[in-house]
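K.L.:
File name query05.cif; file contents mmCIF, C-alpha atoms; full text below.
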data_data
#
loop_
_atom_site.label_atom_id
_atom_site.label_comp_id
_atom_site.auth_asym_id
_atom_site.auth_seq_id
_atom_site.Cartn_x
_atom_site.Cartn_y
_atom_site.Cartn_z
CA MET L 385 68.27 146.12 167.38
CA LYS L 386 71.51 148.11 167.63
CA ILE L 387 73.54 149.21 164.61
CA ALA L 388 76.85 151.09 164.80
CA ILE L 389 77.83 153.67 162.20
CA THR L 390 81.52 153.39 161.42
CA GLY L 391 83.97 154.37 158.70
CA LEU L 392 87.20 156.26 158.14
CA VAL L 393 87.60 159.69 159.75
CA ASN L 394 86.01 162.48 157.69
CA SER L 395 83.87 160.07 155.67
CA GLY L 396 80.67 161.75 156.87
CA LYS L 397 79.59 159.29 159.55
CA THR L 398 77.98 161.94 161.73
CA THR L 399 76.23 163.47 158.71
CA ILE L 400 74.64 160.08 157.99
CA PHE L 401 73.79 159.64 161.69
CA ASN L 402 72.09 163.05 161.77
CA ALA L 403 70.19 162.23 158.59
CA LEU L 404 68.96 158.96 160.06
CA THR L 405 68.01 160.23 163.49
CA GLY L 406 67.02 163.85 162.83
CA LEU L 407 69.52 164.87 165.53
CA SER L 408 71.98 167.72 165.09
CA LEU L 409 75.35 166.46 166.28
CA GLU L 410 78.16 168.79 165.27
CA THR L 411 80.00 167.82 162.10
CA SER L 412 83.59 168.94 161.60
CA ILE L 413 86.14 169.15 158.82
CA TYR L 414 88.68 167.80 161.32
CA PRO L 415 88.80 164.33 162.91
CA SER L 416 86.76 164.58 166.11
CA THR L 417 87.17 162.72 169.39
CA PRO L 418 83.85 162.61 171.27
CA SER L 419 84.16 161.19 174.77
CA GLU L 420 81.37 158.67 174.36
CA PRO L 421 79.18 157.10 171.66
CA HIS L 422 76.00 158.93 170.61
CA PRO L 423 72.85 156.77 170.30
CA GLY L 424 69.74 157.67 168.30
CA LEU L 425 66.46 155.74 167.99
CA VAL L 426 64.85 155.60 164.54
CA LYS L 427 61.36 154.44 163.54
CA VAL L 428 61.23 151.77 160.83
CA PRO L 429 58.96 153.19 158.09
CA ASP L 430 56.00 150.84 157.62
CA ALA L 431 53.08 151.73 155.34
CA ARG L 432 51.08 148.86 156.87
CA ILE L 433 51.10 150.58 160.25
CA ASP L 434 50.05 153.85 158.60
CA THR L 435 47.11 152.13 156.89
CA LEU L 436 46.01 150.14 159.95
CA SER L 437 46.14 153.31 162.07
CA SER L 438 43.88 155.09 159.59
CA ILE L 439 41.41 152.19 159.91
CA TYR L 440 41.46 151.70 163.72
CA LYS L 441 42.21 155.32 164.71
CA PRO L 442 43.95 154.11 167.88
CA LYS L 443 44.99 156.18 170.87
CA LYS L 444 48.58 155.24 170.13
CA THR L 445 50.58 154.13 167.07
CA THR L 446 53.96 152.43 167.62
CA TYR L 447 56.50 151.56 164.94
CA SER L 448 59.41 149.15 165.17
CA THR L 449 62.68 150.91 165.95
CA VAL L 450 66.38 150.61 165.23
CA GLU L 451 69.03 152.16 167.48
CA TYR L 452 71.97 153.71 165.61
CA ILE L 453 75.23 154.64 167.35
CA ASP L 454 77.80 157.20 166.19
CA PHE L 455 81.36 157.36 167.55
CA ILE L 456 84.84 158.35 166.42
CA GLY L 457 86.00 157.26 162.98
CA ILE L 458 88.75 154.77 162.31
CA SER L 459 92.02 155.43 160.50
CA LYS L 460 94.31 153.31 158.38
CA GLY L 461 96.99 151.71 160.55
CA GLY L 462 95.66 153.28 163.76
CA LEU L 463 95.16 150.02 165.66
CA LEU L 464 95.25 151.59 169.14
CA GLN L 465 92.81 154.38 168.30
CA ASN L 466 90.67 152.04 166.23
CA ARG L 467 90.39 149.65 169.16
CA LYS L 468 88.65 152.41 171.16
CA SER L 469 86.11 152.74 168.37
CA PHE L 470 85.62 148.97 168.05
CA ASP L 471 85.28 148.55 171.82
CA ALA L 472 82.48 151.12 171.77
CA ILE L 473 80.57 149.33 168.99
CA LYS L 474 81.28 145.68 169.89
CA ASP L 475 77.76 145.23 171.29
CA ALA L 476 76.16 146.28 167.99
CA ASP L 477 74.26 143.71 165.94
CA ALA L 478 75.55 145.11 162.64
CA LEU L 479 77.55 147.93 161.07
CA VAL L 480 76.67 150.76 158.71
CA GLU L 481 79.98 151.68 157.14
CA THR L 482 80.30 155.15 155.61
CA ILE L 483 82.59 155.42 152.58
CA ARG L 484 83.43 158.84 151.20
CA VAL L 485 82.62 159.63 147.58
CA PHE L 486 82.02 163.39 147.94
CA LYS L 487 84.79 165.82 147.01
CA ASP L 488 85.49 168.77 149.30
CA GLU L 489 88.97 170.29 149.54
CA SER L 490 88.17 171.75 152.96
CA VAL L 491 87.62 168.25 154.40
CA VAL L 492 90.96 166.45 154.61
CA HIS L 493 91.34 162.81 153.60
CA GLN L 494 93.99 160.65 155.25
CA GLU L 495 95.16 159.41 151.84
CA ASN L 496 94.89 162.89 150.21
CA SER L 497 92.65 161.50 147.45
CA ILE L 498 89.13 160.16 146.95
CA ASP L 499 88.98 156.45 146.14
CA PRO L 500 85.89 154.70 147.55
CA VAL L 501 86.99 151.18 146.56
CA ARG L 502 90.39 151.62 148.24
CA ASP L 503 88.73 153.06 151.35
CA ALA L 504 86.22 150.20 151.58
CA LEU L 505 89.11 147.71 151.41
CA ASN L 506 91.07 149.70 154.02
CA VAL L 507 88.15 149.66 156.46
CA GLU L 508 87.72 145.93 155.94
CA MET L 509 91.41 145.39 156.67
CA GLU L 510 91.19 147.41 159.89
CA LEU L 511 88.33 145.18 161.07
CA ILE L 512 90.42 142.12 160.22
CA PHE L 513 93.56 143.52 161.96
CA ALA L 514 91.57 144.29 165.11
CA ASP L 515 90.18 140.75 165.26
CA PHE L 516 93.58 139.21 164.48
CA ASP L 517 95.12 141.20 167.35
CA LEU L 518 92.36 139.98 169.67
CA VAL L 519 92.83 136.35 168.59
CA GLU L 520 96.62 136.50 169.03
CA LYS L 521 96.31 137.96 172.53
CA ARG L 522 93.67 135.40 173.50
CA ILE L 523 95.76 132.47 172.27
CA ALA L 524 98.89 133.85 173.97
CA LYS L 525 97.00 134.21 177.25
CA MET L 526 95.75 130.62 177.05
CA GLU L 527 99.25 129.34 176.23
CA ASP L 528 100.72 131.25 179.18
CA GLY L 529 98.06 129.74 181.43
CA SER L 530 98.93 126.29 180.11
CA LYS L 531 102.60 126.80 181.04
CA ARG L 532 101.49 127.61 184.58
CA GLY L 533 99.50 124.40 184.78
CA LYS L 534 96.07 125.74 183.85
CA LYS L 535 94.39 123.44 181.38
CA PRO L 536 93.23 125.43 178.32
CA ASP L 537 89.75 125.10 176.86
CA GLU L 538 90.60 122.89 173.87
CA VAL L 539 87.35 123.69 172.08
CA GLU L 540 87.93 127.45 172.31
CA MET L 541 91.61 127.09 171.36
CA LYS L 542 90.69 125.12 168.24
CA LEU L 543 88.06 127.74 167.34
CA LEU L 544 90.52 130.60 167.85
CA GLN L 545 93.07 128.89 165.64
CA LYS L 546 90.40 128.50 162.96
CA CYS L 547 89.66 132.23 163.21
CA ARG L 548 93.36 133.03 162.97
CA ASP L 549 93.66 130.96 159.80
CA TYR L 550 90.90 132.97 158.13
CA LEU L 551 92.19 136.33 159.36
CA GLU L 552 95.76 135.56 158.26
CA ARG L 553 94.34 135.07 154.77
CA GLU L 554 92.62 138.47 155.10
CA VAL L 555 89.17 136.89 155.17
CA PRO L 556 86.68 138.69 157.47
CA LEU L 557 84.97 136.34 159.90
CA ARG L 558 81.54 137.13 158.43
CA ALA L 559 82.74 135.35 155.26
CA ALA L 560 84.13 132.35 157.16
CA GLU L 561 82.31 129.05 157.49
CA PHE L 562 81.19 128.32 161.05
CA SER L 563 78.63 125.92 162.43
CA GLU L 564 75.84 127.19 164.70
CA VAL L 565 77.69 125.71 167.68
CA GLU L 566 80.91 127.50 166.67
CA LEU L 567 79.10 130.82 166.21
CA LYS L 568 77.65 130.47 169.69
CA GLY L 569 81.15 129.77 171.02
CA LEU L 570 82.46 132.96 169.39
CA ARG L 571 79.73 135.25 170.68
CA HIS L 572 81.46 136.29 173.91
CA LEU L 573 84.58 137.39 172.00
CA GLN L 574 82.59 140.13 170.18
CA PHE L 575 84.63 140.17 166.98
CA VAL L 576 84.00 143.12 164.65
CA SER L 577 84.75 141.54 161.25
CA ILE L 578 82.04 138.94 161.92
CA LYS L 579 79.29 141.54 162.05
CA PRO L 580 77.07 141.89 158.95
CA LYS L 581 77.34 145.30 157.37
CA ILE L 582 75.85 147.81 154.97
CA ILE L 583 78.14 150.17 153.07
CA VAL L 584 76.84 153.71 152.56
CA LEU L 585 78.51 155.58 149.72
CA ASN L 586 78.39 159.17 150.93
CA MET L 587 77.81 161.13 147.72
CA GLY L 588 78.27 164.81 146.98
CA GLU L 589 75.48 166.84 145.42
CA GLY L 590 75.62 166.38 141.66
CA ASP L 591 77.69 163.17 141.81
CA ALA L 592 76.64 160.64 139.17
CA PRO L 593 75.15 157.27 140.21
CA PRO L 594 78.13 155.09 141.21
CA GLU L 595 77.23 151.77 139.54
CA ASP L 596 80.87 150.92 138.84
CA ILE L 597 81.87 151.63 142.45
CA VAL L 598 79.02 149.45 143.77
CA SER L 599 80.04 146.64 141.43
CA GLN L 600 83.73 146.78 142.38
CA ILE L 601 83.08 146.89 146.13
CA SER L 602 80.53 144.08 145.83
CA GLN L 603 83.05 141.87 144.05
CA LYS L 604 86.08 142.70 146.19
CA LEU L 605 84.31 142.51 149.57
CA LYS L 606 81.84 139.81 148.54
CA LEU L 607 78.86 141.90 149.66
CA GLN L 608 75.44 141.76 148.03
CA PRO L 609 74.85 144.94 145.95
CA GLN L 610 71.60 145.73 147.79
CA PHE L 611 73.70 146.33 150.91
CA ILE L 612 75.90 148.93 149.16
CA MET L 613 73.81 152.09 149.05
CA PRO L 614 74.56 155.52 147.55
CA VAL L 615 73.27 158.31 149.81
CA TYR L 616 73.54 162.05 149.30
CA GLY L 617 74.45 162.64 152.92
CA LYS L 618 74.25 166.44 153.17
CA ILE L 619 70.90 166.61 151.36
CA GLU L 620 69.51 163.76 153.47
CA MET L 621 70.69 165.50 156.65
CA GLU L 622 68.88 168.67 155.58
CA ILE L 623 65.71 166.64 154.97
CA GLY L 624 66.11 165.04 158.39
CA GLN L 625 66.05 168.44 160.08
CA LEU L 626 62.73 169.45 158.45
CA SER L 627 59.21 168.87 159.74
CA PRO L 628 57.36 165.99 157.98
CA GLU L 629 55.33 168.51 155.95
CA GLU L 630 58.40 170.52 154.87
CA ALA L 631 60.32 167.33 154.11
CA ARG L 632 57.49 166.07 151.87
CA GLU L 633 57.40 169.40 150.04
CA PHE L 634 61.18 169.31 149.54
CA LEU L 635 61.08 165.72 148.26
CA ASP L 636 58.25 166.56 145.87
CA GLU L 637 60.30 169.43 144.46
CA LEU L 638 63.20 167.03 143.84
CA LYS L 639 60.77 164.39 142.47
CA ILE L 640 61.97 161.90 145.11
CA GLU L 641 59.42 159.40 146.43
CA GLU L 642 61.04 158.97 149.84
CA PRO L 643 64.34 159.77 151.60
CA ALA L 644 67.13 157.33 150.76
CA LEU L 645 67.59 156.91 154.49
CA ASN L 646 64.20 155.16 154.70
CA LYS L 647 65.62 152.52 152.37
CA LEU L 648 68.73 152.29 154.54
CA ILE L 649 66.61 151.74 157.64
CA ARG L 650 64.68 148.95 155.93
CA ALA L 651 67.94 147.48 154.62
CA SER L 652 69.32 147.49 158.19
CA TYR L 653 66.22 145.59 159.25
CA ALA L 654 66.55 143.09 156.40
CA LEU L 655 70.31 142.64 156.96
CA LEU L 656 69.63 141.04 160.32
CA GLY L 657 66.74 138.92 159.09
CA ALA L 658 64.25 140.81 161.22
CA ILE L 659 60.52 140.90 160.50
CA SER L 660 57.51 142.62 162.02
CA PHE L 661 54.27 141.14 163.24
CA LEU L 662 51.42 143.53 163.96
CA THR L 663 48.86 143.98 166.71
CA VAL L 664 45.76 146.13 166.24
CA GLY L 665 43.00 147.63 168.33
CA GLN L 666 41.39 150.86 169.51
CA ASP L 667 44.10 151.39 172.12
CA GLU L 668 47.15 150.78 169.95
CA VAL L 669 48.32 149.71 166.51
CA ARG L 670 51.86 148.41 166.80
CA ALA L 671 54.69 146.69 164.94
CA TRP L 672 56.83 144.24 166.92
CA THR L 673 60.32 143.22 165.81
CA ILE L 674 61.30 139.55 165.90
CA ARG L 675 63.84 137.39 164.10
CA GLY L 676 62.61 135.62 160.98
CA GLY L 677 61.71 132.04 161.85
CA SER L 678 60.38 132.91 165.32
CA THR L 679 57.45 130.87 166.61
CA ALA L 680 54.12 132.19 167.87
CA LEU L 681 55.25 131.41 171.42
CA GLU L 682 58.43 133.46 170.97
CA ALA L 683 56.41 136.31 169.46
CA ALA L 684 54.07 136.22 172.47
CA GLY L 685 57.08 136.58 174.76
CA LYS L 686 58.13 139.67 172.84
CA ILE L 687 54.95 141.39 174.06
CA HIS L 688 54.97 140.08 177.64
CA SER L 689 56.28 137.06 179.54
CA ASP L 690 52.77 136.51 180.98
CA ILE L 691 51.38 136.05 177.46
CA GLU L 692 54.15 133.57 176.65
CA ARG L 693 53.62 131.67 179.91
CA GLY L 694 49.84 131.49 179.55
CA PHE L 695 49.77 130.99 175.76
CA ILE L 696 46.68 129.15 174.47
CA ARG L 697 46.37 130.03 170.78
CA ALA L 698 47.32 132.79 168.34
CA GLU L 699 44.57 134.25 166.18
CA ILE L 700 46.29 135.22 162.92
CA VAL L 701 45.45 136.89 159.63
CA SER L 702 47.98 138.14 157.10
CA TYR L 703 48.00 141.87 156.39
CA THR L 704 47.18 141.16 152.72
CA ASP L 705 44.13 139.02 153.63
CA PHE L 706 42.96 141.59 156.17
CA MET L 707 43.12 144.39 153.60
CA ALA L 708 41.31 142.26 151.02
CA ALA L 709 38.48 141.75 153.53
CA GLY L 710 38.47 145.31 154.86
CA THR L 711 37.63 144.55 158.50
CA MET L 712 38.42 141.82 161.02
CA PRO L 713 34.81 140.50 161.11
CA ASP L 714 34.82 140.29 157.29
CA ALA L 715 38.18 138.50 157.34
CA LYS L 716 36.69 135.96 159.75
CA LYS L 717 33.71 135.48 157.46
CA ALA L 718 36.09 134.93 154.54
CA GLY L 719 37.91 132.25 156.54
CA THR L 720 41.29 133.96 156.40
CA VAL L 721 41.57 134.36 160.17
CA ARG L 722 42.92 131.14 161.68
CA LEU L 723 43.97 129.78 165.05
CA GLU L 724 47.57 128.60 165.36
CA GLY L 725 49.54 126.88 168.11
CA LYS L 726 52.88 127.52 169.82
CA THR L 727 55.05 126.18 167.01
CA TYR L 728 53.52 128.26 164.21
CA VAL L 729 56.27 130.27 162.45
CA VAL L 730 55.20 133.91 162.33
CA ASN L 731 55.40 135.65 158.94
CA ASP L 732 56.24 139.27 158.24
CA GLY L 733 53.02 141.28 158.32
CA ASP L 734 50.96 138.76 160.29
CA ILE L 735 48.30 140.51 162.37
CA VAL L 736 48.22 138.57 165.63
CA ASN L 737 45.88 138.44 168.60
CA PHE L 738 47.13 136.16 171.39
CA ARG L 739 44.75 134.14 173.51
CA PHE L 740 46.27 133.38 176.89
CA ASN L 741 45.43 132.58 180.48
CA VAL L 742 47.50 133.41 183.56
#
Step by step, read the file and then write its structure as structure tokens.
P.N.:
Amino acid sequence: MKIAITGLVNSGKTTIFNALTGLSLETSIYPSTPSEPHPGLVKVPDARIDTLSSIYKPKKTTYSTVEYIDFIGISKGGLLQNRKSFDAIKDADALVETIRVFKDESVVHQENSIDPVRDALNVEMELIFADFDLVEKRIAKMEDGSKRGKKPDEVEMKLLQKCRDYLEREVPLRAAEFSEVELKGLRHLQFVSIKPKIIVLNMGEGDAPPEDIVSQISQKLKLQPQFIMPVYGKIEMEIGQLSPEEAREFLDELKIEEPALNKLIRASYALLGAISFLTVGQDEVRAWTIRGGSTALEAAGKIHSDIERGFIRAEIVSYTDFMAAGTMPDAKKAGTVRLEGKTYVVNDGDIVNFRFNV
């Protein structure tokens, strides 16, 4: 799972990236131009894995992960420069969009004022402009080919015209109505306004909770409020640089249960409809990421193609039932461990043992 961090220049993108990943990329009060995107792999916090590891005491514990990518910020009206940024993040599954709320006179703002709602709308428009430019060029290329006798793909042309209609009305493609077949047909074009996104409101220390800002952005951009998250970026970055013990001590002092970035990581996971199934044993306790709605056969393939090919049955118990029983033998005695076939739809938190033969 790959998620790109984007936003206007000097909105604190790299601060949020550092907070998420624990890395220490340089932050600057001036717009920066790194030569290439910076990736960082982040564990998805999962108390179930912590608990199962304490029970099994395995040689290895493995969490699900999300890859975050940081690159240059975008600017209002900077289509050429913005295209470089969008080209670098076009392979991402989703966006985390940083919107500046913090006030700092030493950090310049392109508009010379702080207005999170305006900035969120500006970023949305830049995504729309980039996709509109791509659609126009694609249609023009197909029309030129047609004049030279090359028959255009009528299905793609019709789909591009549909996209253009939405974009001309300033509707991002994620809010457009497409069938599954149409979405598949759009995949190779790698539009940016079609990607699901989370907005991070980058707060300054002492800033009040921004309920009104969340409400306005939610209404204007038609985003669910749970995907608009206030984060005190500088504080979170400081926490991210600490050891787990020091971080816990710092959080306890501030009376904070967990870093806000943990919630952002889980929200990133939820945004894409991802779930985790679990495998347990003395060698390893592990969370595996799959799309919600995946079958037992597809989950088996996530572990290894041999398991998928030789699939016989999946032995399954929910995490809740396992914890109620206390051990796997007790769960079997209680009748909560069951055998399922290839078409069983795996649930979040299912503990799975695959039976297979190759």
K.L.:
Do you have the CA of Asp734 (chain L)-CA of Asp690 (chain L) distance handy?
P.N.:
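CA of Asp734 (chain L) sits 20.9 Å away from CA of Asp690 (chain L).
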K.L.:
Just checking: using only C-alpha atoms, which residue out of L:Glu451, L:Asp503, L:Glu622, L:Asp537 ends up closest to Leu479 (chain L)?
P.N.:
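Closest residue, counting only C-alpha atoms: L:Glu451.
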K.L.:
May I ask for the distance between CA of Thr398 (chain L) and CA of Ile640 (chain L), given in Å to one decimal place?
P.N.:
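Separation of CA of Thr398 (chain L) and CA of Ile640 (chain L): 23.1 Å.
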K.L.:
Name every residue that the PyMOL selection byres ((chain L and resi 507) around 10) selects in this structure, writing the answer as a list of chain:residue names with chains first and numbers rising.
P.N.:
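With the shown file as input, the PyMOL selection byres ((chain L and resi 507) around 10) matches L:Thr390, L:Gly391, L:Leu392, L:Ile458, L:Ser459, L:Lys460, L:Gly461, L:Glu481, L:Thr482, L:Ile483, L:Arg502, L:Asp503, L:Ala504, L:Leu505, L:Asn506, L:Glu508, L:Met509, L:Glu510, L:Leu511, L:Ile512, L:Phe513.
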K.L.:
Would you write out, as JSON lines, a table of all residues in region 652-693 of chain L that have an atom no more than 9 Å from an atom of region 718-729 of chain L, listing for each the closest atom pair and the distance in Å to one decimal, considering all atoms listed in the file and ordering rows by chain and rising residue number?
P.N.:
{"residue": "L:Gly676", "atom": "CA", "partner": "L:Val729", "partner_atom": "CA", "distance": 8.4}
{"residue": "L:Gly677", "atom": "CA", "partner": "L:Val729", "partner_atom": "CA", "distance": 5.8}
{"residue": "L:Ser678", "atom": "CA", "partner": "L:Val729", "partner_atom": "CA", "distance": 5.7}
{"residue": "L:Thr679", "atom": "CA", "partner": "L:Val729", "partner_atom": "CA", "distance": 4.4}
{"residue": "L:Ala680", "atom": "CA", "partner": "L:Lys726", "partner_atom": "CA", "distance": 5.2}
{"residue": "L:Leu681", "atom": "CA", "partner": "L:Lys726", "partner_atom": "CA", "distance": 4.8}
{"residue": "L:Glu682", "atom": "CA", "partner": "L:Lys726", "partner_atom": "CA", "distance": 8.2}
K.L.:
Can you find the residues with an atom no farther than 12 Å from (54.4, 153.3, 154.5), counting only C-alpha atoms, and report them as a count of residues only?
P.N.:
18
K.L.:
Residues near Ala658 (chain L), anyone? I mean within 8 Å using only C-alpha atoms, not counting same-chain ones fewer than 2 positions away, as a ChimeraX atom specification.
P.N.:
/L:653-656,660,673-676
K.L.:
One decimal, Å: what's the distance from CA of Asn394 (chain L) over to CA of Ser490 (chain L), could you say?
P.N.:
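For CA of Asn394 (chain L) relative to CA of Ser490 (chain L), the distance reads 10.6 Å.
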K.L.:
May I have the protein, DNA and RNA residues with an atom at most 7 Å from (81.2, 124.5, 165.5), counting only C-alpha atoms in the file's coordinates, returned as number ranges by chain?
P.N.:
L: 562-567
K.L.:
Could you list, as a VMD selection string, every residue matched by the PyMOL selection byres ((chain L and resi 422) around 6) in this structure?
P.N.:
chain L and resid 421 423 453 to 454
K.L.:
Once the PyMOL selection byres ((chain L and resi 546-556) around 9) has been applied to the shown file, what residues remain in the selection, as number ranges by chain?
P.N.:
L: 508-509, 511-513, 515-516, 519-520, 541-545, 557-560, 576-578
K.L.:
Considering only C-alpha atoms, can you say which of L:Leu662, L:Met385, L:Asp714, L:His688 comes closest to Asp732 (chain L)?
P.N.:
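That would be L:Leu662, the residue with the smallest distance to Asp732 (chain L).
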K.L.:
Write out as a list in words each polymer residue whose atoms come within 12 Å of Glu595 (chain L), counting all atoms listed in the file; drop sequence neighbours fewer than 6 positions from it.
P.N.:
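The filter keeps Leu585, Ile601, Ser602, Pro609, Gln610, Ile612, Met613 and Pro614 of chain L.
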K.L.:
Now that the selection is made, can you save its residues with C-alpha atoms as a PDB file, in the frame of the given file?
P.N.:
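Once everything was written out, this is again_24.pdb:
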ATOM      1  CA  LEU L 585      78.510 155.580 149.720  1.00  0.00           C
ATOM      2  CA  ILE L 601      83.080 146.890 146.130  1.00  0.00           C
ATOM      3  CA  SER L 602      80.530 144.080 145.830  1.00  0.00           C
ATOM      4  CA  PRO L 609      74.850 144.940 145.950  1.00  0.00           C
ATOM      5  CA  GLN L 610      71.600 145.730 147.790  1.00  0.00           C
ATOM      6  CA  ILE L 612      75.900 148.930 149.160  1.00  0.00           C
ATOM      7  CA  MET L 613      73.810 152.090 149.050  1.00  0.00           C
ATOM      8  CA  PRO L 614      74.560 155.520 147.550  1.00  0.00           C
TER       9      PRO L 614
END
K.L.:
Could you check the closest approach to Ala631 (chain L) for each of L:Pro594, L:Lys716, L:Gly406, L:Lys468 and tell me which residue wins, using only C-alpha atoms?
P.N.:
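Nearest to Ala631 (chain L): L:Gly406.
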